[in-house]
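Encoded as structure tokens, the structure appears first; notes follow it.
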Number of protein chains: 4
Amino acid sequence: MQTLITQQTLKDRFLAVRYTTETICKSLERDDYSVQPEASVSPPKWHLGHTTWFFEQFVLSQFKPGYKNFHKDFSYCFNSYYNNVGSRILRVNRSNMTRPTVDEIYNYRSYVSSHLAEFLETEISEEIKGLVEMGLQHEEQHQELLVYDIKYIFGHQPLFPVLDTEIQLKSEEDDIEFISVKEGIYEIGHKCNETFCFDNELGVHKVYLNDYKIANRLVTNAEYIEFIEAGGYSNFNYWHADGWTHINENNITSPMYWHKQDGKWMYYTLKGLKEIDANLPVNHVSFYEAWAYAEWKDLRLPTEFEWEIASSQLNYGQLWEWTNSAYLPYPKYAKADGAIGEYNGKFMVNTMVLRGSCLATASNHSRPTYRNFFTPESQWQFSGIRLAK
Amino acid sequence: MQTLITQQTLKDRFLAVRYTTETICKSLERDDYSVQPEASVSPPKWHLGHTTWFFEQFVLSQFKPGYKNFHKDFSYCFNSYYNNVGSRILRVNRSNMTRPTVDEIYNYRSYVSSHLAEFLETEISEEIKGLVEMGLQHEEQHQELLVYDIKYIFGHQPLFPVLDTEIQLKSEEDDIEFISVKEGIYEIGHKCNETFCFDNELGVHKVYLNDYKIANRLVTNAEYIEFIEAGGYSNFNYWHADGWTHINENNITSPMYWHKQDGKWMYYTLKGLKEIDANLPVNHVSFYEAWAYAEWKDLRLPTEFEWEIASSQLNYGQLWEWTNSAYLPYPKYAKADGAIGEYNGKFMVNTMVLRGSCLATASNHSRPTYRNFFTPESQWQFSGIRLAK
Amino acid sequence: MQTLITQQTLKDRFLAVRYTTETICKSLERDDYSVQPEASVSPPKWHLGHTTWFFEQFVLSQFKPGYKNFHKDFSYCFNSYYNNVGSRILRVNRSNMTRPTVDEIYNYRSYVSSHLAEFLETEISEEIKGLVEMGLQHEEQHQELLVYDIKYIFGHQPLFPVLDTEIQLKSEEDDIEFISVKEGIYEIGHKCNETFCFDNELGVHKVYLNDYKIANRLVTNAEYIEFIEAGGYSNFNYWHADGWTHINENNITSPMYWHKQDGKWMYYTLKGLKEIDANLPVNHVSFYEAWAYAEWKDLRLPTEFEWEIASSQLNYGQLWEWTNSAYLPYPKYAKADGAIGEYNGKFMVNTMVLRGSCLATASNHSRPTYRNFFTPESQWQFSGIRLAK
Amino acid sequence: MQTLITQQTLKDRFLAVRYTTETICKSLERDDYSVQPEASVSPPKWHLGHTTWFFEQFVLSQFKPGYKNFHKDFSYCFNSYYNNVGSRILRVNRSNMTRPTVDEIYNYRSYVSSHLAEFLETEISEEIKGLVEMGLQHEEQHQELLVYDIKYIFGHQPLFPVLDTEIQLKSEEDDIEFISVKEGIYEIGHKCNETFCFDNELGVHKVYLNDYKIANRLVTNAEYIEFIEAGGYSNFNYWHADGWTHINENNITSPMYWHKQDGKWMYYTLKGLKEIDANLPVNHVSFYEAWAYAEWKDLRLPTEFEWEIASSQLNYGQLWEWTNSAYLPYPKYAKADGAIGEYNGKFMVNTMVLRGSCLATASNHSRPTYRNFFTPESQWQFSGIRLAK
């Protein structure tokens with residue numbers, strides 16, 4: 001987690017990240033900040049408080065001389081899953097906290113931001129710089145979650161509100177082609193010499209890959225509609241047993257946000273409810289759906305290693321791409337001590353790896369070695385399908 | 001449902017009721033309006049919209065010439081349980097509607113209030129007056145629910161916010177005494193000649209009562225603490241089978257809002273978390289708890305008929321009082337036609353009758369014949385215990 | 001609970017009841033004894049053990065000098081819900097006890113039966129005679145449950161096995177007529193001077209009844225099919241709110257055991273799967289269904305008091321008849337001390353009263369004052385519909 | 001799936017496998033055959049029928065001229081999860097089928113066994129021989145499940161019955177030592193030239209392994225008790241997030257079948273409830289527990305590849321060994337067509353690989369390339385812990 005940036009740069013970066021978070025929320029009404037329509041979807045105000053708490057908890061309260069916490073109960077309110085840090089509100093109850101109010105949370109943000117900016121003007125150790133950078137990476141991840149959660153909140157209510165945002169997918173215009181990669185030994189992982197990376201990417205190591213081919217672009221909405229209309233959701237042969245159970249128990253017959261109205265496929269986007277654009281990459285599919293689509297095509301998903309080795313030849317960055325790799329530790333993986341050690345390792349079971357990035361991802365997170373992960377039924381993130389064989 | 005009041009009086013009463021509802025919410029923050037920590041607790045903004053929708057749906061849109069609905073989707077958003085009126089949002093999803101905003105709902109209230117006030121200045125039929133009165137009674141019931149729900153929302157979060165309100169219980173200072181009533185035939189039910197009543201109170205009819213005695217006052221907190229400290233919550237002999245299952249599955253060991261801190265009983269009130277006042281009547285007990293307390297005292301709860309006959313001799317009006325009567329139709333009960341018929345009759349199973357009224361009840365609802373009802377495990381309403389034998 | 005019968009008669013009665021229980025099971029295979037397809041349906045072998053344990057626990061182990069329990073762990077295995085007697089296996093786990101085996105349980109029955117028969121030849125107190133009679137009444141109730149449970153077990157599996165039994169409903173051949181009863185004071189309850197009764201029937205007391213009319217016979221299958229075909233199960237106006245939720249969540253569209261095959265209504269009877277006999281009384285309806293049927297006819301169900309007063313004029317005894325009375329204590333009700341006190345009182349909430357008896361009821365249980373009770377959604381007992389107005 | 005054995009040998013093997021299955025059940029009482037205390041535990045009689053149905057469905061009914069199914073409804077009763085073959089009874093309802101009886105199922109076994117033995121004396125194709133071998137492998141897997149399920153059924157009831165069986169773990173007597181393996185390219189997978197293997201083992205391929213060390217023996221009960229007594233089950237730092245949730249929601253504080261009585265650790269074995277033998281390998285741990293134990297030791301579990309490469313140097317065969325590999329397809333994996341294709345591939349998500357074999361495994365299943373798999377919370381199989389670093 002070396003940073004190699006000057007403190008001035010770090011301070012600028014700090015303020016820029018904090019500002020970006022607030023920009024995402026700029027067109028929200030007060031009413032939009034507090035809801036949690038699903039246990040896994042956090043209220044926007046909680047994201048604002050939690051990313052602030054992270055800096056207060058791991059940097060200011062431990063290292064800044066004379067720092068006083070903004071409020072004695074906020075750690076209880078805004079801790080997410082760090083057992084090492086103490087008790088916290090149950091996840092499902094986040095939206096029941098009407099207090100602190102949105103205004104108080106913005107005050108909390110200002111208080112912590114100015115204290116941290118001030119602190120970054122004093123001389124601080126490499127360790128502290130590392131923690132600040134960690135907090136910024138963390139806040140950038142929450143910026144992405146904020147977009148997912150706002151979309152979920154808006155896309156699941158009768159009036160389908162609209163968010164003022166630049167996010168807009170582009171067509172996948174190329175004909176589909178398969179890029180060939182030769183059998184052999186390859187190197188995987190992040191060297192971490194110059195830029196930030198997470199502990200789960202570390203430890204460059206060799207893997208042996210067989211000959212494989214990987215598609216030059218993502219599957220489009222038009223192609224995915226073919227799968228739906230061919231009865232893909234009602235033929236168990238294309239599905240994992242768990243996937244089949246999941247889609248049946250939850251009546252899932254399309255990607256999230258799709259609605260069939262008067263024989264036409266519509267979907268909710270951040271611009272409102274619209275007719276589906278056939279050439280955009282299909283979005284909001286679960287791992288089960290991505291895998292089933294590949295089965296139906298008699299192809300498969302790439303592994304995360306195949307993806308990483310081919311990444312320089314792929315156009316990517318529109319959507320996270322499901323791989324057929326389970327999220328597991330690399331051979332040299334070592335968990336950090338204390339609360340920071342809870343960041344990644346404890347999720348290395350029952351989740352699948354996604355590679356690439358999406359339009360809601362902070363640009364500095366977009367790198368060939370980045371390992372994102374979600375449970376196989378998750379649909380609410382921006383995720384698509386790349387085929388391999 | 002005769003009203004016998006002039007239209008001017010009705011218009012004044014209409015405006016007063018609308019104003020009172022908004023007064024209850026006057027010290028809420030925007031953040032407080034949207035949450036639903038329990039399926040049965042509605043967000044305050046939903047109450048504001050729903051009571052408004054009731055007048056729009058049942059009066060304005062049907063009877064006021066040229067009236068245009070404020071918004072085409074609000075019926076979907078604010079219908080509660082009137083199947084006759086069409087589809088509606090699922091109860092558990094009420095708090096996920098961030099839109100309409102609180103401001104839009106207040107605009108909706110103004111729009112409907114001014115249209116209805118205007119309409120009350122034209123000549124309208126007795127039937128319409130009856131419907132307006134019904135809507136006012138309905139809104140008054142929701143005023144009471146608003147207080148319950150705000151208390152639930154505030155009392156179940158870490159910072160224990162406070163509501164600006166006059167509601168304050170008084171001590172039960174008298175020694176407990178039992179008033180005797182003689183065996184014989186008595187008349188039950190509302191004559192409905194001069195004042196409003198609900199259909200479930202109608203149909204004056206005779207019942208035969210045996211000799212009985214009924215307490216002059218409610219059970220106090222001090223008396224209820226004796227029950228707790230005597231192990232009342234861990235001795236199955238005092239409980240219904242369903243009650244025993246319920247308190248064990250939900251870890252209930254005291255009335256709602258009670259917390260034992262450092263050996264002392266505290267409770268949340270609308271003024272914040274406080275030490276318990278020993279002489280106030282015990283509040284927020286379920287029917288199961290009321291019954292168990294009576295069993296422990298080797299006494300019983302009164303029936304609703306015993307309560308009604310003795311009511312003139314009781315001081316009452318602090319808390320609703322659980323009776324040992326199931327909520328069932330009176331001999332001459334007839335359900336109204338259409339949506340209004342859904343108001344009461346369909347709840348006449350699995351619920352118990354409470355009599356009296358509480359400090360959050362509109363004063364004109366406080367009458368000897370009023371039949372309130374809740375499921376036996378409910379604790380969130382303002383409900384206490386009166387003993388009989 | 002006076003019995004007034006000689007000990008010789010009591011011993012004969014004891015042996016006859018024990019024999020009858022075993023007769024019900026005589027055509028079962030070993031495989032049929034152990035299953036519990038629903039938490040509320042007990043395995044036949046459990047009934048055999050439990051009724052035996054009742055005599056061992058409440059009579060032999062307490063009163064017979066030198067009596068040794070058959071097995072130290074059987075009380076844990078066969079206690080049903082008597083918290084006073086100690087811990088017991090969870091109800092849902094009854095069918096997981098493969099041991100003791102059916103053979104061992106029959107040995108247990110023989111052991112307890114011969115010890116008790118022997119004991120009844122010595123001089124015993126009135127109290128003990130009362131307990132023996134209680135045990136016999138209890139076993140007779142379980143004979144009825146055995147029939148219900150065997151029917152449930154057989155009627156919910158692919159091969160629809162058949163039970164060798166005499167139980168056979170008869171046609172309701174009369175035209176429907178309504179018997180009128182005059183308004184006035186009536187006496188309710190069991191005098192208990194000469195025959196056995198349960199504590200919930202005791203305490204003769206006066207009730208005031210209004211003029212009412214009650215049907216001379218039960219509703220038939222043909223009449224109930226009219227309700228189904230008129231869309232009764234899809235019109236919420238006929239249903240309690242809880243009933244409507246219940247039938248929708250559980251996809252209930254007919255009485256239990258009914259199947260529509262090739263456009264024809266079939267049902268499972270103890271003789272196998274058959275076409276429905278139009279003139280038999282409709283069976284296996286819940287309270288919700290009985291009430292909805294009455295709503296649809298613009299009639300109502302009788303109260304338990306109306307039923308009791310008219311009972312001498314009714315032909316009854318085919319099926320239990322749902323009343324619109326909640327199961328509540330009579331004015332003079334007093335719970336017995338200790339475990340026997342758990343027999344009735346603790347169920348007096350959330351249940352509805354059924355009156356009459358059915359073809360599976362022991363004949364001595366069939367009396368005008370008998371109060372049976374089930375939760376309103378129960379369908380598996382033999383229960384039908386009598387109308388009133 | 002080549003077999004290369006003569007038909008006579010295949011017939012002998014067929015009869016031997018069929019006989020072995022019945023031997024496992026030889027000391028069961030009729031009562032023991034029908035229960036299903038957990039959805040994932042099948043009744044022994046169902047195993048007997050299902051393994052028979054497999055031969056009837058996939059061999060006899062399709063290939064033996066003139067073969068008549070034993071009973072038209074048995075396919076519905078005994079299909080497990082083969083969607084391609086048609087509808088079937090819900091898994092959770094298996095134990096509710098009291099018919100066919102155990103005796104009828106044994107008759108079904110005889111009928112199918114003799115028809116198949118007869119068929120094996122005629123000339124049959126390699127494809128059919130492959131299907132028969134598949135059925136035998138399948139029945140051998142069910143022999144193992146039968147032992148697990150009987151242990152579960154017996155170990156979860158008050159009387160703790162005993163099974164007549166030879167299965168007996170041996171002490172892990174060696175000092176723990178770590179075997180070193182050098183970094184490099186290794187070959188993984190089954191060559192399938194001479195012996196049977198499953199499709200998930202096929203496709204020999206290269207993997208690159210880093211230097212690693214693997215323990216020479218399994219973790220013992222004594223060593224695992226140290227983990228428990230050091231508070232291993234109450235320190236979240238050792239657990240996956242999902243594992244921590246799972247053990248807390250299910251109150252898991254030890255391996256399955258362990259009970260602390262009077263300060264001493266006891267466990268249920270097939271010989272009854274006994275004091276724990278300190279030197280035996282710890283059994284009935286979940287993946288979560290195995291992983292947490294390794295975390296506590298500051299070590300890790302091996303991957304399935306590390307295990308396979310080192311296997312010739314390991315003593316193994318007592319218990320299945322959890323690896324830290326998710327169950328995923330090998331690079332050359334191809335799913336078979338039709339129902340047989342449902343055997344393995346559709347479970348390749350949310351499961352972890354176990355390697356080795358256990359005392360209940362058929363000896364011909366014990367091979368270095370065999371890939372067993374279970375969900376990470378499963379405890380009921382015979383599974384232990386081998387450490388690596």
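Going by the structure tokens order, chains are called A, B, ..., each with residues numbered from 1, while ligands are numbered from 1 in the order shown.
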* Asked: Running DSSP on the backbone, which parts of segment 153-364 of chain D land in strand (DSSP E), as JSON, numbers by chain?
  -> {"D": [178, 179, 180, 181, 184, 185, 186, 187, 188, 205, 206, 207, 208, 209, 212, 213, 214, 215, 258, 259, 260, 261, 264, 265, 266, 267, 268, 269, 272, 273, 274, 275, 320, 321, 322, 323, 324, 325, 326, 352, 353, 354, 355, 356]}
Would you mind exporting C-alpha atoms of the selected residues as a PDB file, in the first residue's frame?
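Output saved as part-v7.pdb:
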ATOM      1  CA  PHE D 178       5.092 -30.802   7.262  1.00  0.00           C
ATOM      2  CA  ILE D 179       6.036 -32.342   3.930  1.00  0.00           C
ATOM      3  CA  SER D 180       7.654 -29.890   1.490  1.00  0.00           C
ATOM      4  CA  VAL D 181       6.751 -29.703  -2.179  1.00  0.00           C
ATOM      5  CA  GLY D 184       6.812 -25.894 -10.489  1.00  0.00           C
ATOM      6  CA  ILE D 185       4.365 -27.212 -13.052  1.00  0.00           C
ATOM      7  CA  TYR D 186       2.319 -30.275 -12.075  1.00  0.00           C
ATOM      8  CA  GLU D 187      -0.298 -32.411 -13.757  1.00  0.00           C
ATOM      9  CA  ILE D 188      -3.788 -32.631 -12.310  1.00  0.00           C
ATOM     10  CA  HIS D 205      -4.043 -30.462 -17.288  1.00  0.00           C
ATOM     11  CA  LYS D 206      -1.097 -28.505 -15.920  1.00  0.00           C
ATOM     12  CA  VAL D 207      -1.147 -26.212 -12.916  1.00  0.00           C
ATOM     13  CA  TYR D 208       1.633 -24.083 -11.508  1.00  0.00           C
ATOM     14  CA  LEU D 209       2.225 -24.524  -7.788  1.00  0.00           C
ATOM     15  CA  TYR D 212       4.302 -25.325  -0.084  1.00  0.00           C
ATOM     16  CA  LYS D 213       4.220 -27.608   2.926  1.00  0.00           C
ATOM     17  CA  ILE D 214       1.430 -29.966   3.897  1.00  0.00           C
ATOM     18  CA  ALA D 215       0.851 -31.795   7.173  1.00  0.00           C
ATOM     19  CA  TRP D 258     -20.474 -33.089  20.490  1.00  0.00           C
ATOM     20  CA  HIS D 259     -22.104 -32.454  23.886  1.00  0.00           C
ATOM     21  CA  LYS D 260     -20.523 -31.054  27.012  1.00  0.00           C
ATOM     22  CA  GLN D 261     -21.816 -32.980  30.018  1.00  0.00           C
ATOM     23  CA  LYS D 264     -16.548 -33.331  29.932  1.00  0.00           C
ATOM     24  CA  TRP D 265     -16.726 -33.460  26.131  1.00  0.00           C
ATOM     25  CA  MET D 266     -18.855 -36.366  24.897  1.00  0.00           C
ATOM     26  CA  TYR D 267     -19.872 -37.245  21.358  1.00  0.00           C
ATOM     27  CA  TYR D 268     -22.329 -39.488  19.652  1.00  0.00           C
ATOM     28  CA  THR D 269     -20.711 -42.227  17.575  1.00  0.00           C
ATOM     29  CA  GLY D 272     -23.559 -44.628  21.132  1.00  0.00           C
ATOM     30  CA  LEU D 273     -22.730 -41.596  23.272  1.00  0.00           C
ATOM     31  CA  LYS D 274     -19.121 -41.739  24.510  1.00  0.00           C
ATOM     32  CA  GLU D 275     -16.343 -39.721  26.012  1.00  0.00           C
ATOM     33  CA  TRP D 320     -12.699 -36.378   3.849  1.00  0.00           C
ATOM     34  CA  GLU D 321     -10.404 -33.361   4.018  1.00  0.00           C
ATOM     35  CA  TRP D 322     -11.596 -29.817   3.394  1.00  0.00           C
ATOM     36  CA  THR D 323      -9.504 -27.867   0.895  1.00  0.00           C
ATOM     37  CA  ASN D 324      -9.539 -24.134   0.289  1.00  0.00           C
ATOM     38  CA  SER D 325     -10.579 -24.713  -3.343  1.00  0.00           C
ATOM     39  CA  ALA D 326     -14.019 -23.834  -4.591  1.00  0.00           C
ATOM     40  CA  MET D 352     -15.966 -26.319  -1.577  1.00  0.00           C
ATOM     41  CA  VAL D 353     -13.876 -29.330  -2.581  1.00  0.00           C
ATOM     42  CA  LEU D 354     -12.990 -32.130  -0.193  1.00  0.00           C
ATOM     43  CA  ARG D 355     -10.304 -34.611  -1.092  1.00  0.00           C
ATOM     44  CA  GLY D 356      -9.401 -38.109   0.097  1.00  0.00           C
TER      45      GLY D 356
END
Residue contacts of Ser357 of chain C (7 Å, only C-alpha atoms) excluding same-chain residues fewer than 4 positions away, as a list in words: Gly317, Gln318, Leu319, Trp320, Thr361 and Ser366 of chain C
Those selected residues, please, written with C-alpha atoms and delivered as a short mmCIF file (atom, residue, chain, number, x, y, z; two decimals), in the first residue's frame.
data_model
loop_
_atom_site.label_atom_id
_atom_site.label_comp_id
_atom_site.auth_asym_id
_atom_site.auth_seq_id
_atom_site.Cartn_x
_atom_site.Cartn_y
_atom_site.Cartn_z
CA GLY C 317 -73.28 -35.41 14.95
CA GLN C 318 -71.89 -35.69 11.44
CA LEU C 319 -69.34 -32.89 11.62
CA TRP C 320 -68.12 -30.30 14.08
CA THR C 361 -65.91 -38.51 18.07
CA SER C 366 -71.35 -35.80 22.01
#
10 Å contacts from chain D to chain A using only C-alpha atoms, as a ChimeraX atom specification: /D:81-84,183-186,205-212,235-244,287-288,303,324-329,331-332,337-339,341-342,344-352,375-376,389
Writer output for current selection, C-alpha atoms, as a JSON list (two decimals), in the first residue's frame:
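out.json, freshly written:
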[["chain", "number", "residue", "atom", "x", "y", "z"],
["D", 81, "TYR", "CA", -32.97, -34.06, -8.77],
["D", 82, "TYR", "CA", -33.04, -35.08, -12.41],
["D", 83, "ASN", "CA", -35.22, -32.42, -13.98],
["D", 84, "ASN", "CA", -34.74, -34.10, -17.33],
["D", 183, "GLU", "CA", 7.50, -24.91, -6.89],
["D", 184, "GLY", "CA", 6.81, -25.89, -10.49],
["D", 185, "ILE", "CA", 4.36, -27.21, -13.05],
["D", 186, "TYR", "CA", 2.32, -30.28, -12.08],
["D", 205, "HIS", "CA", -4.04, -30.46, -17.29],
["D", 206, "LYS", "CA", -1.10, -28.50, -15.92],
["D", 207, "VAL", "CA", -1.15, -26.21, -12.92],
["D", 208, "TYR", "CA", 1.63, -24.08, -11.51],
["D", 209, "LEU", "CA", 2.23, -24.52, -7.79],
["D", 210, "ASN", "CA", 4.41, -22.41, -5.51],
["D", 211, "ASP", "CA", 6.55, -23.96, -2.79],
["D", 212, "TYR", "CA", 4.30, -25.33, -0.08],
["D", 235, "ASN", "CA", -13.55, -14.63, 18.22],
["D", 236, "PHE", "CA", -14.75, -13.36, 14.84],
["D", 237, "ASN", "CA", -11.18, -12.78, 13.67],
["D", 238, "TYR", "CA", -10.81, -16.48, 12.84],
["D", 239, "TRP", "CA", -13.97, -16.75, 10.76],
["D", 240, "HIS", "CA", -15.28, -15.92, 7.34],
["D", 241, "ALA", "CA", -18.07, -13.34, 7.56],
["D", 242, "ASP", "CA", -20.56, -15.99, 6.37],
["D", 243, "GLY", "CA", -19.14, -18.52, 8.81],
["D", 244, "TRP", "CA", -19.45, -16.13, 11.73],
["D", 287, "PHE", "CA", -15.44, -25.85, 6.04],
["D", 288, "TYR", "CA", -15.97, -22.77, 8.18],
["D", 303, "THR", "CA", -5.75, -26.22, -2.19],
["D", 324, "ASN", "CA", -9.54, -24.13, 0.29],
["D", 325, "SER", "CA", -10.58, -24.71, -3.34],
["D", 326, "ALA", "CA", -14.02, -23.83, -4.59],
["D", 327, "TYR", "CA", -15.63, -26.57, -6.67],
["D", 328, "LEU", "CA", -15.19, -25.36, -10.27],
["D", 329, "PRO", "CA", -14.81, -27.03, -13.67],
["D", 331, "PRO", "CA", -10.22, -26.42, -18.12],
["D", 332, "LYS", "CA", -11.36, -29.26, -20.37],
["D", 337, "ASP", "CA", -25.82, -34.72, -22.44],
["D", 338, "GLY", "CA", -29.20, -35.32, -20.85],
["D", 339, "ALA", "CA", -29.96, -36.36, -17.30],
["D", 341, "GLY", "CA", -25.15, -34.28, -17.29],
["D", 342, "GLU", "CA", -26.97, -33.10, -14.18],
["D", 344, "ASN", "CA", -21.94, -32.80, -11.27],
["D", 345, "GLY", "CA", -21.77, -29.59, -13.27],
["D", 346, "LYS", "CA", -24.79, -27.86, -11.85],
["D", 347, "PHE", "CA", -23.33, -27.92, -8.36],
["D", 348, "MET", "CA", -20.21, -25.96, -9.34],
["D", 349, "VAL", "CA", -21.02, -22.84, -7.33],
["D", 350, "ASN", "CA", -21.16, -22.15, -3.59],
["D", 351, "THR", "CA", -19.49, -25.46, -2.73],
["D", 352, "MET", "CA", -15.97, -26.32, -1.58],
["D", 375, "THR", "CA", -21.53, -26.45, 0.98],
["D", 376, "PRO", "CA", -19.23, -24.77, 3.49],
["D", 389, "LYS", "CA", 1.46, -23.46, 4.83]]
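When atom CA of Ser171 of chain C is paired with atom CA of Pro302 of chain C, their separation reads 21.9 Å.
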Min atom-atom distance to Gln381 of chain B from the set B:Leu169, B:Ala222, B:Val147, B:Ile153, counting only C-alpha atoms, belongs to B:Val147
Neighbouring residues of Thr98 of chain A were defined as those with any atom within 9 Å, considering only C-alpha atoms; residues of the same chain fewer than 3 positions away were excluded. Please report them as an MDAnalysis selection string. (chainID A and resid 34 94:95 101:102) or (chainID B and resid 29:35 153:154 157 161)
*All alpha helix (DSSP H) positions in segment 147-265 of chain D, as a VMD selection string*: chain D and resid 147 to 155 221 to 229 241 to 249
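Residues surrounding Glu56 of chain A within 12 Å are Gly49, His50, Gln62, Phe63, Lys64, Tyr67, Lys68, Asn69, Phe70, His71, Lys72, Phe74, Ser75, Phe78, Asn79, Tyr108, Arg109, Ser110, Tyr111, Val112, Ser113, Ser114, His115, Leu116, Phe119, Leu131, Val132 and Gly135 of chain A [only C-alpha atoms; sequence separation below 6 positions excluded].
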Taking C-alpha atoms for each residue, export the selection above as a CSV table (one decimal), in the first residue's frame.
chain,number,residue,atom,x,y,z
A,49,GLY,CA,-21.6,9.2,7.5
A,50,HIS,CA,-19.8,5.9,7.2
A,62,GLN,CA,-5.7,7.7,16.7
A,63,PHE,CA,-3.1,10.1,15.3
A,64,LYS,CA,-4.2,13.7,15.3
A,67,TYR,CA,-8.7,15.6,18.1
A,68,LYS,CA,-12.2,15.3,19.6
A,69,ASN,CA,-14.8,13.0,18.1
A,70,PHE,CA,-17.7,14.9,16.5
A,71,HIS,CA,-20.2,12.9,18.5
A,72,LYS,CA,-19.8,10.1,21.0
A,74,PHE,CA,-21.5,8.1,15.7
A,75,SER,CA,-19.2,5.2,15.8
A,78,PHE,CA,-21.7,4.4,11.2
A,79,ASN,CA,-19.5,1.3,11.7
A,108,TYR,CA,-20.0,15.9,10.4
A,109,ARG,CA,-18.4,15.6,6.9
A,110,SER,CA,-17.2,19.2,7.0
A,111,TYR,CA,-15.8,18.8,10.5
A,112,VAL,CA,-13.8,15.7,9.6
A,113,SER,CA,-12.8,17.0,6.2
A,114,SER,CA,-11.3,20.2,7.6
A,115,HIS,CA,-9.6,18.4,10.4
A,116,LEU,CA,-8.1,15.9,8.1
A,119,PHE,CA,-3.7,17.3,9.5
A,131,LEU,CA,-4.3,4.9,6.0
A,132,VAL,CA,-5.5,8.1,4.4
A,135,GLY,CA,-9.8,5.7,3.4
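Counting from atom CA of Phe196 of chain C, the distance to atom CA of Glu133 of chain C is 8.0 Å.
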